[in-house]
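Chemist: Input work.pdb, format and content: PDB, C-alpha atoms.
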```pdb
ATOM      1  CA  MET A   1      27.357   6.299 -15.843
ATOM      2  CA  LYS A   2      27.895   4.466 -12.564
ATOM      3  CA  VAL A   3      24.686   3.973 -10.563
ATOM      4  CA  LEU A   4      24.403   2.636  -7.025
ATOM      5  CA  ILE A   5      21.143   0.735  -6.453
ATOM      6  CA  THR A   6      20.149  -0.340  -2.966
ATOM      7  CA  GLY A   7      17.780  -3.289  -2.779
ATOM      8  CA  ALA A   8      19.331  -4.699  -5.942
ATOM      9  CA  ALA A   9      17.953  -8.200  -5.289
ATOM     10  CA  GLY A  10      14.482  -6.807  -4.744
ATOM     11  CA  PHE A  11      11.583  -6.752  -7.175
ATOM     12  CA  ILE A  12      12.034  -3.209  -8.506
ATOM     13  CA  GLY A  13      15.766  -2.992  -7.851
ATOM     14  CA  SER A  14      16.571  -6.083  -9.878
ATOM     15  CA  ALA A  15      14.443  -4.972 -12.820
ATOM     16  CA  LEU A  16      15.970  -1.487 -12.749
ATOM     17  CA  ALA A  17      19.515  -2.866 -12.571
ATOM     18  CA  LEU A  18      18.865  -5.003 -15.649
ATOM     19  CA  ARG A  19      17.495  -2.042 -17.562
ATOM     20  CA  LEU A  20      20.502   0.151 -16.747
ATOM     21  CA  LEU A  21      22.979  -2.637 -17.540
ATOM     22  CA  GLU A  22      21.275  -3.273 -20.875
ATOM     23  CA  ARG A  23      21.752   0.358 -21.868
ATOM     24  CA  GLY A  24      25.435   0.307 -20.923
ATOM     25  CA  ASP A  25      25.607   1.760 -17.416
ATOM     26  CA  GLU A  26      27.719   0.364 -14.584
ATOM     27  CA  VAL A  27      25.681  -0.765 -11.583
ATOM     28  CA  VAL A  28      26.787  -1.286  -7.996
ATOM     29  CA  GLY A  29      24.061  -3.296  -6.281
ATOM     30  CA  ILE A  30      23.598  -3.353  -2.506
ATOM     31  CA  ASP A  31      21.406  -5.944  -0.808
ATOM     32  CA  ASN A  32      21.495  -7.822   2.486
ATOM     33  CA  LEU A  33      19.324 -10.723   1.258
ATOM     34  CA  ASN A  34      17.232 -10.651   4.425
ATOM     35  CA  ASP A  35      14.620 -13.330   4.982
ATOM     36  CA  TYR A  36      11.501 -11.138   5.064
ATOM     37  CA  TYR A  37      10.496 -13.284   2.084
ATOM     38  CA  ASP A  38      12.005 -16.142   0.059
ATOM     39  CA  VAL A  39      15.783 -15.615  -0.178
ATOM     40  CA  GLU A  40      16.004 -18.084  -3.072
ATOM     41  CA  LEU A  41      13.814 -15.804  -5.169
ATOM     42  CA  LYS A  42      16.156 -12.908  -4.395
ATOM     43  CA  LYS A  43      19.157 -14.999  -5.397
ATOM     44  CA  ALA A  44      17.444 -15.965  -8.643
ATOM     45  CA  ARG A  45      16.858 -12.302  -9.434
ATOM     46  CA  LEU A  46      20.518 -11.568  -8.714
ATOM     47  CA  GLU A  47      21.633 -14.294 -11.115
ATOM     48  CA  ARG A  48      20.221 -12.227 -13.986
ATOM     49  CA  THR A  49      22.305  -9.158 -13.147
ATOM     50  CA  LEU A  50      25.425 -11.116 -12.217
ATOM     51  CA  ALA A  51      25.598 -12.190 -15.857
ATOM     52  CA  TYR A  52      26.920  -8.683 -16.632
ATOM     53  CA  ASP A  53      30.527  -7.820 -15.881
ATOM     54  CA  ARG A  54      29.445  -4.213 -15.281
ATOM     55  CA  PHE A  55      27.462  -5.296 -12.206
ATOM     56  CA  VAL A  56      29.095  -5.301  -8.777
ATOM     57  CA  ASP A  57      27.293  -7.258  -6.062
ATOM     58  CA  VAL A  58      27.749  -5.904  -2.516
ATOM     59  CA  ARG A  59      26.305  -7.525   0.614
ATOM     60  CA  VAL A  60      25.613  -4.714   3.093
ATOM     61  CA  ASP A  61      22.998  -3.683   5.656
ATOM     62  CA  LEU A  62      22.001  -0.061   5.104
ATOM     63  CA  GLU A  63      22.003   0.570   8.846
ATOM     64  CA  ASP A  64      25.726  -0.359   8.967
ATOM     65  CA  ARG A  65      27.126   3.159   8.717
ATOM     66  CA  ALA A  66      30.766   2.162   8.233
ATOM     67  CA  ALA A  67      29.939  -0.379   5.518
ATOM     68  CA  VAL A  68      27.765   2.062   3.573
ATOM     69  CA  THR A  69      30.459   4.742   3.837
ATOM     70  CA  GLU A  70      33.001   2.268   2.448
ATOM     71  CA  VAL A  71      30.758   1.444  -0.527
ATOM     72  CA  PHE A  72      30.577   5.130  -1.457
ATOM     73  CA  ARG A  73      34.297   5.629  -0.915
ATOM     74  CA  THR A  74      35.286   2.584  -2.967
ATOM     75  CA  HIS A  75      32.864   2.805  -5.867
ATOM     76  CA  ARG A  76      32.196   6.560  -6.200
ATOM     77  CA  PRO A  77      28.748   6.323  -7.835
ATOM     78  CA  GLN A  78      27.566   9.281  -9.871
ATOM     79  CA  ARG A  79      23.905   8.636  -9.116
ATOM     80  CA  VAL A  80      22.041   6.629  -6.486
ATOM     81  CA  VAL A  81      18.663   4.901  -6.475
ATOM     82  CA  ASN A  82      17.582   3.923  -2.963
ATOM     83  CA  LEU A  83      15.026   1.109  -3.181
ATOM     84  CA  ALA A  84      16.082  -0.897  -0.122
ATOM     85  CA  ALA A  85      13.466  -0.752   2.612
ATOM     86  CA  GLN A  86      11.614  -2.861   5.078
ATOM     87  CA  ALA A  87       8.435  -3.266   3.066
ATOM     88  CA  GLY A  88       4.905  -4.252   3.977
ATOM     89  CA  VAL A  89       2.152  -2.305   5.697
ATOM     90  CA  ARG A  90       0.888  -5.266   7.735
ATOM     91  CA  TYR A  91       4.306  -6.363   8.997
ATOM     92  CA  SER A  92       4.884  -2.836  10.304
ATOM     93  CA  LEU A  93       2.140  -3.482  12.868
ATOM     94  CA  GLU A  94       4.149  -6.419  14.242
ATOM     95  CA  ASN A  95       7.725  -5.162  14.033
ATOM     96  CA  PRO A  96       7.923  -1.346  13.874
ATOM     97  CA  TYR A  97      11.587  -1.284  14.902
ATOM     98  CA  ALA A  98      12.613  -2.950  11.629
ATOM     99  CA  TYR A  99      11.143  -0.001   9.749
ATOM    100  CA  VAL A 100      13.030   2.592  11.764
ATOM    101  CA  ASP A 101      16.317   0.676  11.423
ATOM    102  CA  THR A 102      16.243   0.276   7.638
ATOM    103  CA  ASN A 103      13.911   2.964   6.347
ATOM    104  CA  ILE A 104      15.129   5.825   8.541
ATOM    105  CA  SER A 105      18.598   5.018   9.929
ATOM    106  CA  GLY A 106      19.579   3.266   6.695
ATOM    107  CA  PHE A 107      18.289   6.134   4.567
ATOM    108  CA  LEU A 108      20.279   8.623   6.657
ATOM    109  CA  ASN A 109      23.433   6.656   5.830
ATOM    110  CA  ILE A 110      22.597   6.917   2.124
ATOM    111  CA  LEU A 111      22.026  10.667   2.427
ATOM    112  CA  GLU A 112      25.363  11.065   4.186
ATOM    113  CA  GLY A 113      27.085   9.033   1.490
ATOM    114  CA  CYS A 114      25.585  11.271  -1.180
ATOM    115  CA  ARG A 115      26.601  14.381   0.747
ATOM    116  CA  HIS A 116      30.242  13.437   1.265
ATOM    117  CA  HIS A 117      30.865  11.932  -2.177
ATOM    118  CA  LYS A 118      29.256  14.568  -4.410
ATOM    119  CA  VAL A 119      26.536  12.346  -5.875
ATOM    120  CA  GLU A 120      24.814  14.072  -8.818
ATOM    121  CA  HIS A 121      21.286  12.832  -8.084
ATOM    122  CA  LEU A 122      19.583  10.687  -5.451
ATOM    123  CA  VAL A 123      16.329   8.991  -6.463
ATOM    124  CA  TYR A 124      14.549   7.192  -3.631
ATOM    125  CA  ALA A 125      11.443   5.074  -3.144
ATOM    126  CA  SER A 126       8.571   6.636  -1.304
ATOM    127  CA  SER A 127       5.110   5.073  -1.399
ATOM    128  CA  SER A 128       1.455   5.732  -2.117
ATOM    129  CA  SER A 129       0.986   4.764   1.541
ATOM    130  CA  VAL A 130       2.000   8.292   2.554
ATOM    131  CA  TYR A 131      -1.461   9.502   1.503
ATOM    132  CA  GLY A 132      -2.827   7.681   4.557
ATOM    133  CA  ALA A 133      -6.192   9.045   5.631
ATOM    134  CA  ASN A 134      -6.538  11.236   2.513
ATOM    135  CA  THR A 135      -9.688  10.482   0.504
ATOM    136  CA  ARG A 136      -9.533  13.162  -2.210
ATOM    137  CA  MET A 137      -8.854  11.392  -5.510
ATOM    138  CA  PRO A 138      -6.710  11.161  -7.507
ATOM    139  CA  PHE A 139      -3.865  11.487  -5.020
ATOM    140  CA  SER A 140      -1.633  14.420  -5.963
ATOM    141  CA  ILE A 141       1.886  15.326  -4.879
ATOM    142  CA  HIS A 142       0.471  18.794  -4.247
ATOM    143  CA  HIS A 143      -1.804  17.469  -1.475
ATOM    144  CA  ASN A 144      -0.831  17.514   2.199
ATOM    145  CA  VAL A 145       0.182  14.058   3.493
ATOM    146  CA  ASP A 146       0.413  14.524   7.247
ATOM    147  CA  HIS A 147      -1.948  11.723   8.298
ATOM    148  CA  PRO A 148      -0.259   8.323   7.758
ATOM    149  CA  VAL A 149      -2.116   5.241   9.003
ATOM    150  CA  SER A 150       0.798   2.791   9.323
ATOM    151  CA  MET A 151       4.372   2.897  10.596
ATOM    152  CA  TYR A 152       5.549   1.940   7.110
ATOM    153  CA  ALA A 153       3.842   5.038   5.688
ATOM    154  CA  ALA A 154       5.282   7.212   8.451
ATOM    155  CA  THR A 155       8.832   6.111   7.599
ATOM    156  CA  LYS A 156       8.285   6.879   3.922
ATOM    157  CA  LYS A 157       6.982  10.341   4.777
ATOM    158  CA  ALA A 158      10.055  10.757   6.988
ATOM    159  CA  ASN A 159      12.281   9.868   4.008
ATOM    160  CA  GLU A 160      10.737  12.697   2.003
ATOM    161  CA  LEU A 161      11.371  15.160   4.846
ATOM    162  CA  MET A 162      14.948  13.938   5.313
ATOM    163  CA  ALA A 163      15.659  14.216   1.592
ATOM    164  CA  HIS A 164      14.327  17.760   1.525
ATOM    165  CA  THR A 165      16.557  18.707   4.449
ATOM    166  CA  TYR A 166      19.652  17.454   2.631
ATOM    167  CA  SER A 167      18.605  19.119  -0.614
ATOM    168  CA  HIS A 168      18.155  22.381   1.286
ATOM    169  CA  LEU A 169      21.313  22.220   3.407
ATOM    170  CA  TYR A 170      23.763  20.670   0.940
ATOM    171  CA  ALA A 171      22.168  21.288  -2.491
ATOM    172  CA  ILE A 172      21.930  17.535  -3.152
ATOM    173  CA  PRO A 173      19.410  16.965  -5.969
ATOM    174  CA  THR A 174      16.839  14.462  -4.678
ATOM    175  CA  THR A 175      13.708  12.973  -6.238
ATOM    176  CA  GLY A 176      11.179  10.896  -4.327
ATOM    177  CA  LEU A 177       8.931   8.451  -6.156
ATOM    178  CA  ARG A 178       5.629   7.437  -4.604
ATOM    179  CA  PHE A 179       5.102   3.948  -6.022
ATOM    180  CA  PHE A 180       1.560   2.655  -6.480
ATOM    181  CA  THR A 181       1.030  -1.139  -6.065
ATOM    182  CA  VAL A 182       3.744  -2.546  -8.320
ATOM    183  CA  TYR A 183       3.144  -6.023  -9.782
ATOM    184  CA  GLY A 184       4.496  -8.330 -12.463
ATOM    185  CA  PRO A 185       7.008 -11.161 -13.074
ATOM    186  CA  TRP A 186       9.625 -11.686 -10.332
ATOM    187  CA  GLY A 187       7.294  -9.913  -7.875
ATOM    188  CA  ARG A 188       7.170 -10.117  -4.093
ATOM    189  CA  PRO A 189       5.606 -13.210  -2.490
ATOM    190  CA  ASP A 190       3.890 -11.089   0.176
ATOM    191  CA  MET A 191       1.892  -9.127  -2.422
ATOM    192  CA  ALA A 192      -1.710  -9.980  -3.318
ATOM    193  CA  LEU A 193      -1.112 -11.229  -6.866
ATOM    194  CA  PHE A 194       1.561 -13.689  -5.727
ATOM    195  CA  LEU A 195      -0.476 -14.902  -2.743
ATOM    196  CA  PHE A 196      -3.646 -15.291  -4.809
ATOM    197  CA  THR A 197      -1.881 -17.193  -7.597
ATOM    198  CA  ARG A 198      -0.163 -19.598  -5.200
ATOM    199  CA  ASN A 199      -3.356 -20.365  -3.298
ATOM    200  CA  ILE A 200      -5.618 -20.713  -6.321
ATOM    201  CA  LEU A 201      -3.207 -23.145  -7.995
ATOM    202  CA  ALA A 202      -3.025 -25.118  -4.737
ATOM    203  CA  SER A 203      -6.861 -25.159  -4.445
ATOM    204  CA  ARG A 204      -6.697 -23.116  -1.254
ATOM    205  CA  PRO A 205      -8.965 -20.158  -0.415
ATOM    206  CA  ILE A 206      -7.717 -16.585  -0.774
ATOM    207  CA  ASP A 207      -8.181 -13.837   1.822
ATOM    208  CA  VAL A 208      -9.981 -10.878   0.234
ATOM    209  CA  PHE A 209      -9.854  -7.853   2.507
ATOM    210  CA  ASN A 210     -12.377  -5.017   2.540
ATOM    211  CA  TYR A 211     -14.752  -7.582   0.994
ATOM    212  CA  GLY A 212     -13.040  -7.034  -2.368
ATOM    213  CA  HIS A 213     -13.993  -3.364  -2.604
ATOM    214  CA  HIS A 214     -10.419  -2.092  -2.570
ATOM    215  CA  ARG A 215      -9.410  -0.076  -5.590
ATOM    216  CA  ARG A 216      -5.724  -0.064  -6.408
ATOM    217  CA  ASP A 217      -3.687   1.751  -9.023
ATOM    218  CA  PHE A 218      -1.934  -1.486 -10.042
ATOM    219  CA  THR A 219       1.247  -0.541 -11.946
ATOM    220  CA  TYR A 220       3.198  -3.022 -14.073
ATOM    221  CA  ILE A 221       6.894  -3.439 -13.308
ATOM    222  CA  ASP A 222       8.132  -2.424 -16.792
ATOM    223  CA  ASP A 223       6.162   0.826 -16.577
ATOM    224  CA  ILE A 224       7.646   1.504 -13.137
ATOM    225  CA  VAL A 225      11.195   0.927 -14.379
ATOM    226  CA  GLU A 226      10.622   3.189 -17.384
ATOM    227  CA  GLY A 227       9.506   5.955 -15.028
ATOM    228  CA  VAL A 228      12.456   5.480 -12.671
ATOM    229  CA  VAL A 229      14.971   5.650 -15.524
ATOM    230  CA  ARG A 230      13.395   8.818 -16.903
ATOM    231  CA  VAL A 231      13.524  10.444 -13.474
ATOM    232  CA  LEU A 232      17.101   9.285 -12.831
ATOM    233  CA  ASP A 233      18.225  10.961 -16.041
ATOM    234  CA  ARG A 234      16.565  14.265 -15.116
ATOM    235  CA  ILE A 235      18.359  16.086 -12.298
ATOM    236  CA  PRO A 236      15.947  18.375 -10.420
ATOM    237  CA  GLU A 237      16.657  22.078 -10.071
ATOM    238  CA  PRO A 238      15.283  24.589  -7.569
ATOM    239  CA  ASP A 239      11.728  25.722  -8.280
ATOM    240  CA  THR A 240      12.119  29.491  -8.629
ATOM    241  CA  GLY A 241       8.352  29.940  -8.344
ATOM    242  CA  TRP A 242       8.092  28.174  -5.003
ATOM    243  CA  SER A 243       6.694  30.328  -2.195
ATOM    244  CA  GLY A 244       6.915  29.864   1.557
ATOM    245  CA  ASP A 245       3.626  31.757   1.868
ATOM    246  CA  ALA A 246       1.843  28.965  -0.004
ATOM    247  CA  PRO A 247       4.285  26.041   0.123
ATOM    248  CA  ASP A 248       3.812  23.380  -2.548
ATOM    249  CA  PRO A 249       4.641  19.938  -1.034
ATOM    250  CA  GLY A 250       5.796  18.595  -4.409
ATOM    251  CA  SER A 251       8.701  20.981  -5.040
ATOM    252  CA  SER A 252      10.958  23.461  -3.268
ATOM    253  CA  ARG A 253      13.468  26.248  -3.569
ATOM    254  CA  ALA A 254      15.928  23.397  -3.041
ATOM    255  CA  PRO A 255      16.711  20.897  -5.860
ATOM    256  CA  TYR A 256      13.949  18.578  -4.650
ATOM    257  CA  ARG A 257      11.026  16.880  -6.378
ATOM    258  CA  LEU A 258       8.319  14.371  -5.623
ATOM    259  CA  TYR A 259       6.383  12.351  -8.189
ATOM    260  CA  ASN A 260       3.603   9.808  -8.138
ATOM    261  CA  ILE A 261       4.433   6.832 -10.314
ATOM    262  CA  GLY A 262       1.313   4.800 -11.002
ATOM    263  CA  ASN A 263      -0.954   3.514 -13.730
ATOM    264  CA  ASN A 264      -3.465   6.381 -13.331
ATOM    265  CA  GLU A 265      -6.293   3.848 -13.703
ATOM    266  CA  PRO A 266      -7.485   2.207 -10.458
ATOM    267  CA  VAL A 267      -8.968  -1.298 -10.620
ATOM    268  CA  GLU A 268     -11.303  -2.843  -8.054
ATOM    269  CA  LEU A 269      -9.774  -5.831  -6.284
ATOM    270  CA  MET A 270     -12.625  -8.138  -7.394
ATOM    271  CA  ARG A 271     -11.911  -7.234 -11.034
ATOM    272  CA  TYR A 272      -8.213  -7.940 -10.467
ATOM    273  CA  ILE A 273      -9.133 -11.382  -9.108
ATOM    274  CA  GLU A 274     -11.419 -12.035 -12.093
ATOM    275  CA  VAL A 275      -8.539 -11.274 -14.476
ATOM    276  CA  LEU A 276      -6.295 -13.648 -12.528
ATOM    277  CA  GLU A 277      -8.956 -16.380 -12.595
ATOM    278  CA  ASP A 278      -9.221 -16.019 -16.376
ATOM    279  CA  CYS A 279      -5.436 -16.291 -16.765
ATOM    280  CA  LEU A 280      -5.230 -19.339 -14.497
ATOM    281  CA  GLY A 281      -8.345 -21.011 -15.882
ATOM    282  CA  ARG A 282      -9.579 -21.564 -12.321
ATOM    283  CA  LYS A 283     -12.018 -19.948  -9.931
ATOM    284  CA  ALA A 284     -10.932 -18.755  -6.502
ATOM    285  CA  GLU A 285     -12.566 -19.677  -3.234
ATOM    286  CA  LYS A 286     -12.756 -16.343  -1.405
ATOM    287  CA  ASN A 287     -12.632 -15.537   2.322
ATOM    288  CA  LEU A 288     -14.273 -12.098   2.426
ATOM    289  CA  LEU A 289     -12.783 -10.100   5.301
ATOM    290  CA  PRO A 290     -12.970  -6.513   6.634
ATOM    291  CA  LEU A 291     -10.393  -3.797   5.998
ATOM    292  CA  GLN A 292      -7.142  -4.498   7.830
ATOM    293  CA  PRO A 293      -5.607  -2.009  10.290
ATOM    294  CA  GLY A 294      -3.124   0.280   8.549
ATOM    295  CA  ASP A 295      -4.627  -0.331   5.112
ATOM    296  CA  VAL A 296      -6.484   2.178   2.932
ATOM    297  CA  PRO A 297      -9.521   1.403   0.753
ATOM    298  CA  ASP A 298      -8.416   3.143  -2.466
ATOM    299  CA  THR A 299      -5.335   4.435  -4.264
ATOM    300  CA  TYR A 300      -5.337   6.468  -7.465
ATOM    301  CA  ALA A 301      -2.267   8.308  -8.775
ATOM    302  CA  ASP A 302      -2.298  11.719 -10.381
ATOM    303  CA  VAL A 303       0.793  11.437 -12.606
ATOM    304  CA  GLN A 304       0.461  14.727 -14.479
ATOM    305  CA  ASP A 305       3.712  16.142 -13.093
ATOM    306  CA  LEU A 306       5.678  13.046 -14.082
ATOM    307  CA  VAL A 307       4.125  13.076 -17.561
ATOM    308  CA  ARG A 308       4.892  16.777 -17.982
ATOM    309  CA  ASP A 309       8.501  16.572 -16.797
ATOM    310  CA  THR A 310       9.602  13.215 -18.251
ATOM    311  CA  GLY A 311       7.029  12.108 -20.839
ATOM    312  CA  TYR A 312       6.224   9.040 -18.719
ATOM    313  CA  ARG A 313       3.158   7.113 -19.854
ATOM    314  CA  PRO A 314       2.133   3.790 -18.312
ATOM    315  CA  ALA A 315       1.403   1.404 -21.160
ATOM    316  CA  THR A 316       0.428  -1.991 -19.707
ATOM    317  CA  PRO A 317      -3.248  -2.823 -19.031
ATOM    318  CA  VAL A 318      -3.907  -5.013 -16.020
ATOM    319  CA  GLU A 319      -5.120  -7.890 -18.220
ATOM    320  CA  GLU A 320      -1.756  -8.040 -20.000
ATOM    321  CA  GLY A 321       0.309  -7.517 -16.844
ATOM    322  CA  VAL A 322      -1.435 -10.280 -14.895
ATOM    323  CA  ARG A 323      -1.096 -12.685 -17.829
ATOM    324  CA  ARG A 324       2.651 -12.052 -17.975
ATOM    325  CA  PHE A 325       2.933 -12.658 -14.233
ATOM    326  CA  VAL A 326       1.042 -15.944 -14.472
ATOM    327  CA  ASP A 327       3.232 -17.093 -17.370
ATOM    328  CA  TRP A 328       6.358 -16.298 -15.349
ATOM    329  CA  TYR A 329       5.004 -17.953 -12.189
ATOM    330  CA  ARG A 330       4.139 -21.194 -13.982
ATOM    331  CA  GLU A 331       7.584 -21.357 -15.589
ATOM    332  CA  PHE A 332       9.598 -20.322 -12.504
ATOM    333  CA  TYR A 333       7.829 -22.718 -10.133
ATOM    334  CA  GLY A 334       7.143 -25.450 -12.672
ATOM    335  CA  VAL A 335       3.389 -25.360 -12.083
TER     336      VAL A 335
END
```
Can the structure from this file be put into structure tokens for me?

Modeler:
Amino acid sequence: MKVLITGAAGFIGSALALRLLERGDEVVGIDNLNDYYDVELKKARLERTLAYDRFVDVRVDLEDRAAVTEVFRTHRPQRVVNLAAQAGVRYSLENPYAYVDTNISGFLNILEGCRHHKVEHLVYASSSSVYGANTRMPFSIHHNVDHPVSMYAATKKANELMAHTYSHLYAIPTTGLRFFTVYGPWGRPDMALFLFTRNILASRPIDVFNYGHHRRDFTYIDDIVEGVVRVLDRIPEPDTGWSGDAPDPGSSRAPYRLYNIGNNEPVELMRYIEVLEDCLGRKAEKNLLPLQPGDVPDTYADVQDLVRDTGYRPATPVEEGVRRFVDWYREFYGV
């Protein structure tokens, strides 16, 4: 089939595009190659997908309504995976407008494209950040998520609400995926694993927030992509058992679903650093710092619904995933 992927030069988008191309799909990839982080890394990711003649590379800003409309009109995708977003919890404290422009206005343009061009299924990236001030673990899609603690999280919650509205009004099948701390080769330079590796190899100290007592449901990139593909292939239908008297946040009378996509096995940040030190053969000098504004101390994904509906099972332990990242980093940067 023909799949439109936004954020196709991004960490998850690039890996997903490769997976779909390898199985024979056509992929139209949208990216604006913004400079939030290293553009050369994004270009290197794109080089892998450009090797396929079934990949179309489109340079577009999601907030450019006319350009997005033209992409849908020209390419007529059957399914859409929206992964483009202004990422980063901490950056959202400095530049909240960037999050509204891309994550809300841009997402509205994608929804409109799906509406007017009869897209079969829209899958879009939400985030574990939507759980915000929630402390009940593991986080479940059936829990209320009305207390975000960052602008980034608020925009992701807004995406879920917008998607539901379009599913309800126009019967567009939509599935939101709440990603939990994705890591692995070709990852983002603003994420902890990348920052830690770069600093340790350069004999510089690493900043360890919350004094290392974070717990994160670190999820390896290949496991994430496997989950996305399984969800993409499964078009949601209305939940006939849904009741407005006791509304379940994870489903609807509309063709709408939400899923957590995580490893279902949280790891303390200090353990994560120990694994990295073992893989690098070096010890880190640590700056122990308090919890940052907008951050949460723990994440832990309940993935039962995703397992039940798609058979998804994360398969990569953190020791193996970190080793693969380190191997890639050393090769890519010649360290």

Chemist: Here is a test: counting all atoms listed in the file, which residue of A:Trp242, A:Tyr99, A:Phe218, A:Phe55 is nearest to Thr181 in chain A?

Modeler: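 Smallest separation from Thr181 in chain A among the options: A:Phe218.
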
Chemist: Of the residues A:Phe194, A:Tyr333, A:Phe139, A:Tyr152, which is the one nearest to Ile104 in chain A, using all atoms listed in the file?

Modeler: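 Between A:Phe194, A:Tyr333, A:Phe139, A:Tyr152, the residue approaching Ile104 in chain A most closely is A:Tyr152.
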
Chemist: Name every residue that the PyMOL selection byres ((chain A and resi 260) around 6) selects in this structure, writing the answer as a PDB file with C-alpha atoms, keeping the file's coordinate frame with chains first and numbers rising.

Modeler:
```pdb
ATOM      1  CA  LEU A 177       8.931   8.451  -6.156  1.00  0.00           C
ATOM      2  CA  ARG A 178       5.629   7.437  -4.604  1.00  0.00           C
ATOM      3  CA  TYR A 259       6.383  12.351  -8.189  1.00  0.00           C
ATOM      4  CA  ILE A 261       4.433   6.832 -10.314  1.00  0.00           C
ATOM      5  CA  VAL A 303       0.793  11.437 -12.606  1.00  0.00           C
TER       6      VAL A 303
END
```

Chemist: Mind pulling up the distance from CA of Arg79 in chain A to CA of Leu122 in chain A?

Modeler: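 CA of Leu122 in chain A sits 6.0 Å away from CA of Arg79 in chain A.
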
Chemist: To one decimal place, how far is CA of Arg23 in chain A from CA of Phe325 in chain A in Å?

Modeler: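 Here the two named atoms are 24.1 Å from each other.
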
Chemist: Counting all atoms listed in the file, what is within 9 Å of Ser140 in chain A, bar same-chain residues fewer than 4 positions away, as number ranges by chain?

Modeler: A: 131, 136, 144, 250, 259-260, 300-304

Chemist: To one decimal place, how far is CA of Met162 in chain A from CA of Val81 in chain A in Å?

Modeler: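 Separation between CA of Met162 in chain A and CA of Val81 in chain A: 15.3 Å.
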
Chemist: For the structure provided, state which residues fall under the PyMOL selection byres ((chain A and resi 69) around 10), and present them as a ChimeraX atom specification.

Modeler: /A:62,64-68,70-74,109-110,112-114,116-117

Chemist: With the PyMOL selection byres ((chain A and resi 329) around 12) as the selection, what would be picked from this file? Answer as a list in words, please.

Modeler: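 What the PyMOL selection byres ((chain A and resi 329) around 12) grabs from the file is Leu41, Gly184, Pro185, Trp186, Gly187, Arg188, Pro189, Leu193, Phe194, Leu195, Phe196, Thr197, Arg198, Leu201, Cys279, Leu280, Val322, Arg323, Arg324, Phe325, Val326, Asp327, Trp328, Arg330, Glu331, Phe332, Tyr333, Gly334 and Val335 of chain A.
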
Chemist: Write out as a PDB file with C-alpha atoms, in the frame of the given file the residues lying within 7 Å of range 287-299 of chain A, counting all atoms listed in the file and excluding same-chain residues fewer than 5 positions away.

Modeler:
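Okay, out15.pdb is ready:
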```pdb
ATOM      1  CA  VAL A  89       2.152  -2.305   5.697  1.00  0.00           C
ATOM      2  CA  ARG A  90       0.888  -5.266   7.735  1.00  0.00           C
ATOM      3  CA  GLY A 132      -2.827   7.681   4.557  1.00  0.00           C
ATOM      4  CA  VAL A 149      -2.116   5.241   9.003  1.00  0.00           C
ATOM      5  CA  SER A 150       0.798   2.791   9.323  1.00  0.00           C
ATOM      6  CA  PRO A 205      -8.965 -20.158  -0.415  1.00  0.00           C
ATOM      7  CA  ILE A 206      -7.717 -16.585  -0.774  1.00  0.00           C
ATOM      8  CA  ASP A 207      -8.181 -13.837   1.822  1.00  0.00           C
ATOM      9  CA  VAL A 208      -9.981 -10.878   0.234  1.00  0.00           C
ATOM     10  CA  PHE A 209      -9.854  -7.853   2.507  1.00  0.00           C
ATOM     11  CA  ASN A 210     -12.377  -5.017   2.540  1.00  0.00           C
ATOM     12  CA  TYR A 211     -14.752  -7.582   0.994  1.00  0.00           C
ATOM     13  CA  HIS A 214     -10.419  -2.092  -2.570  1.00  0.00           C
ATOM     14  CA  ARG A 215      -9.410  -0.076  -5.590  1.00  0.00           C
ATOM     15  CA  ARG A 216      -5.724  -0.064  -6.408  1.00  0.00           C
ATOM     16  CA  ASP A 217      -3.687   1.751  -9.023  1.00  0.00           C
ATOM     17  CA  PRO A 266      -7.485   2.207 -10.458  1.00  0.00           C
TER      18      PRO A 266
END
```

Chemist: Of the candidates A:Val225, A:Asp309, A:Asp146, A:His213, which one gets nearest to Ala17 in chain A if we count only C-alpha atoms?

Modeler: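 Checking each candidate against Ala17 in chain A, we get A:Val225 as the closest.
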
Chemist: Pro173 in chain A: which residues within 9 Å, counting all atoms listed in the file, same-chain residues fewer than 2 positions away excluded, as a PDB file with C-alpha atoms, in the coordinates of the input?

Modeler:
```pdb
ATOM      1  CA  VAL A 119      26.536  12.346  -5.875  1.00  0.00           C
ATOM      2  CA  GLU A 120      24.814  14.072  -8.818  1.00  0.00           C
ATOM      3  CA  HIS A 121      21.286  12.832  -8.084  1.00  0.00           C
ATOM      4  CA  LEU A 122      19.583  10.687  -5.451  1.00  0.00           C
ATOM      5  CA  VAL A 123      16.329   8.991  -6.463  1.00  0.00           C
ATOM      6  CA  ALA A 163      15.659  14.216   1.592  1.00  0.00           C
ATOM      7  CA  TYR A 166      19.652  17.454   2.631  1.00  0.00           C
ATOM      8  CA  SER A 167      18.605  19.119  -0.614  1.00  0.00           C
ATOM      9  CA  TYR A 170      23.763  20.670   0.940  1.00  0.00           C
ATOM     10  CA  ALA A 171      22.168  21.288  -2.491  1.00  0.00           C
ATOM     11  CA  THR A 175      13.708  12.973  -6.238  1.00  0.00           C
ATOM     12  CA  ILE A 235      18.359  16.086 -12.298  1.00  0.00           C
ATOM     13  CA  PRO A 236      15.947  18.375 -10.420  1.00  0.00           C
ATOM     14  CA  GLU A 237      16.657  22.078 -10.071  1.00  0.00           C
ATOM     15  CA  PRO A 238      15.283  24.589  -7.569  1.00  0.00           C
ATOM     16  CA  ALA A 254      15.928  23.397  -3.041  1.00  0.00           C
ATOM     17  CA  PRO A 255      16.711  20.897  -5.860  1.00  0.00           C
ATOM     18  CA  TYR A 256      13.949  18.578  -4.650  1.00  0.00           C
ATOM     19  CA  ARG A 257      11.026  16.880  -6.378  1.00  0.00           C
TER      20      ARG A 257
END
```

Chemist: Given only C-alpha atoms as the basis, pick out the residue of A:Arg282, A:Thr219, A:Pro249, A:Arg234 nearest to Ala202 in chain A.

Modeler: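 Smallest separation from Ala202 in chain A among the options: A:Arg282.
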